[in-house]
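Visitor: The structure follows.
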Amino acid sequence: MDVVVGRVAKAHGITGELSVDVRTDSPELRFALGQKIQAKLRDGTSRSLTVSAARPHAGRLLVRFEEVLTRDVAESLRGTLLLGSTDDLPPTGDPDEFYDHELEGLTAELVDGTKLGTVKEILHGPGGELLVVIRDRGEALIPFVREIVPTVDVRGGRVVIDPPEGLLDAD
């Protein structure tokens with residue numbers, strides 16, 4: 001399965017370097033020299049890119065690909081999603097740590113077993129992670145902390161939510 005590891009924000013400079021918003025916890029592995037990355041362009045087409053250099057810069061990663069040699073080509077990649085295989089990921093080694101793709105699609109249920117919805121995605125913000133749960137009445141944002149999400153059962157296909165009073169009332 002492929003997961004998004006980054007998104008091309010814009011071209012940087014005149015030699016084809018790209019400014020990338022990183023969407024992976026292991027950019028040093030995903031954007032290592034020689035690493036092949038599948039690029040899904042805005043028009044829906046895909047192509048393979050090979051990392052020739054990567055360095056951090058202003059909260060983003062500046063990446064060079066062997067196949068992108070000019071600013072014009074770099075500009076054409078603006079908005080491109082960069083994909084990596086989940087098969088390449090090392091085990092987390094921590095039972096309380098999960099990859100986003102492991103949580104997406106899990107059933108969210110309350111402590112009493114009532115189905116709440118389905119985890120759509122995980123938002124990573126400065127205040128922490130939020131589970132985006134799709135419900136019949138729209139989306140609910142659930143802080144991904146042990147006090148509110150006491151159980152994550154990836155094999156069982158569910159997360160258990162114990163919301164504080166009022167958290168789900170705003171839906």
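Chain labels run A, B, ... following the order of the structure tokens; each chain numbers its residues from 1, and ligands are numbered from 1 in the order shown.
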As a list in words, which residues of chain A does DSSP assign to alpha helix (DSSP H)?
Guide: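 Of chain A, the ones in alpha helix (DSSP H) are Pro27, Glu28, Leu29, Arg30, Arg71, Asp72, Val73, Ala74, Glu75, Ser76, Asp100, His101, Glu102 and Leu103 of chain A.
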Visitor: Which residues, written as a PyMOL selection string, have at least one atom at most 6 Å from Arg158 (chain A), with only C-alpha atoms counted and residues fewer than 6 positions away on the same chain left out?
Guide: chain A and resi 106-108
Visitor: Give me, as a PyMOL selection string, all polymer residues having an atom no more than 8 Å from Arg135 (chain A), counting only C-alpha atoms and skipping those fewer than 5 positions away in the same chain.
Guide: chain A and resi 116-118+140
Visitor: Pick out the closest residue to Thr114 (chain A) from this set: A:Ile148, A:Val4, A:Ile161, A:Ala53. Count only C-alpha atoms.
Guide: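 Looking at the shortest contact to Thr114 (chain A), the residue is A:Ile161.
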Visitor: A:Ile134, A:Gly79, A:Asp21, A:Ile142: which is nearest Gly59 (chain A), counting only C-alpha atoms?
Guide: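 Ranked by minimum distance to Gly59 (chain A), first place goes to A:Asp21.
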Visitor: Can you tell me how far CA of Ser85 (chain A) sits from CA of Val22 (chain A), in Å to one decimal?
Guide: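 Atom-to-atom, CA of Ser85 (chain A) and CA of Val22 (chain A) are spaced 15.1 Å apart.
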Visitor: I'd like to know which of A:Thr15, A:Thr86, A:Ser26, A:Gln35 is closest to Ser48 (chain A), using only C-alpha atoms.
Guide: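 The answer is A:Gln35, which sits nearest to Ser48 (chain A).
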Visitor: So which residues touch region 39-44 of chain A within 7 Å, counting only C-alpha atoms, skipping near sequence neighbours fewer than 2 positions away, as a ChimeraX atom specification?
Guide: /A:37,46-49,77,79-83
Visitor: Grab the residues selected above and save them as a compact mmCIF listing (two decimals), in the first residue's frame with C-alpha atoms.
Guide:
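Heads up, here's the output in selection05.txt:
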```
# COMPACT_ATOMS: atom_id res chain seq x y z
CA ILE A 37 9.46 7.87 -4.90
CA SER A 46 2.07 9.11 -11.99
CA ARG A 47 5.80 8.95 -12.52
CA SER A 48 8.79 7.63 -10.64
CA LEU A 49 11.38 10.06 -9.23
CA LEU A 77 5.29 19.45 -10.17
CA GLY A 79 0.99 20.19 -5.76
CA THR A 80 2.30 16.72 -6.62
CA LEU A 81 1.82 14.07 -3.93
CA LEU A 82 4.92 12.01 -3.17
CA LEU A 83 4.12 8.41 -2.27
```
Visitor: Using only C-alpha atoms, pick whichever of A:Glu139, A:Glu109, A:Asp169, A:Glu66 has the shortest atom-to-atom distance to Thr50 (chain A).
Guide: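 Closest candidate: A:Glu66.
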Visitor: With only C-alpha atoms as the basis for distance, which of A:Leu18, A:Val73, A:Arg137, A:His101 is at the shortest distance from Val5 (chain A)?
Guide: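 The answer is A:His101, which sits nearest to Val5 (chain A).
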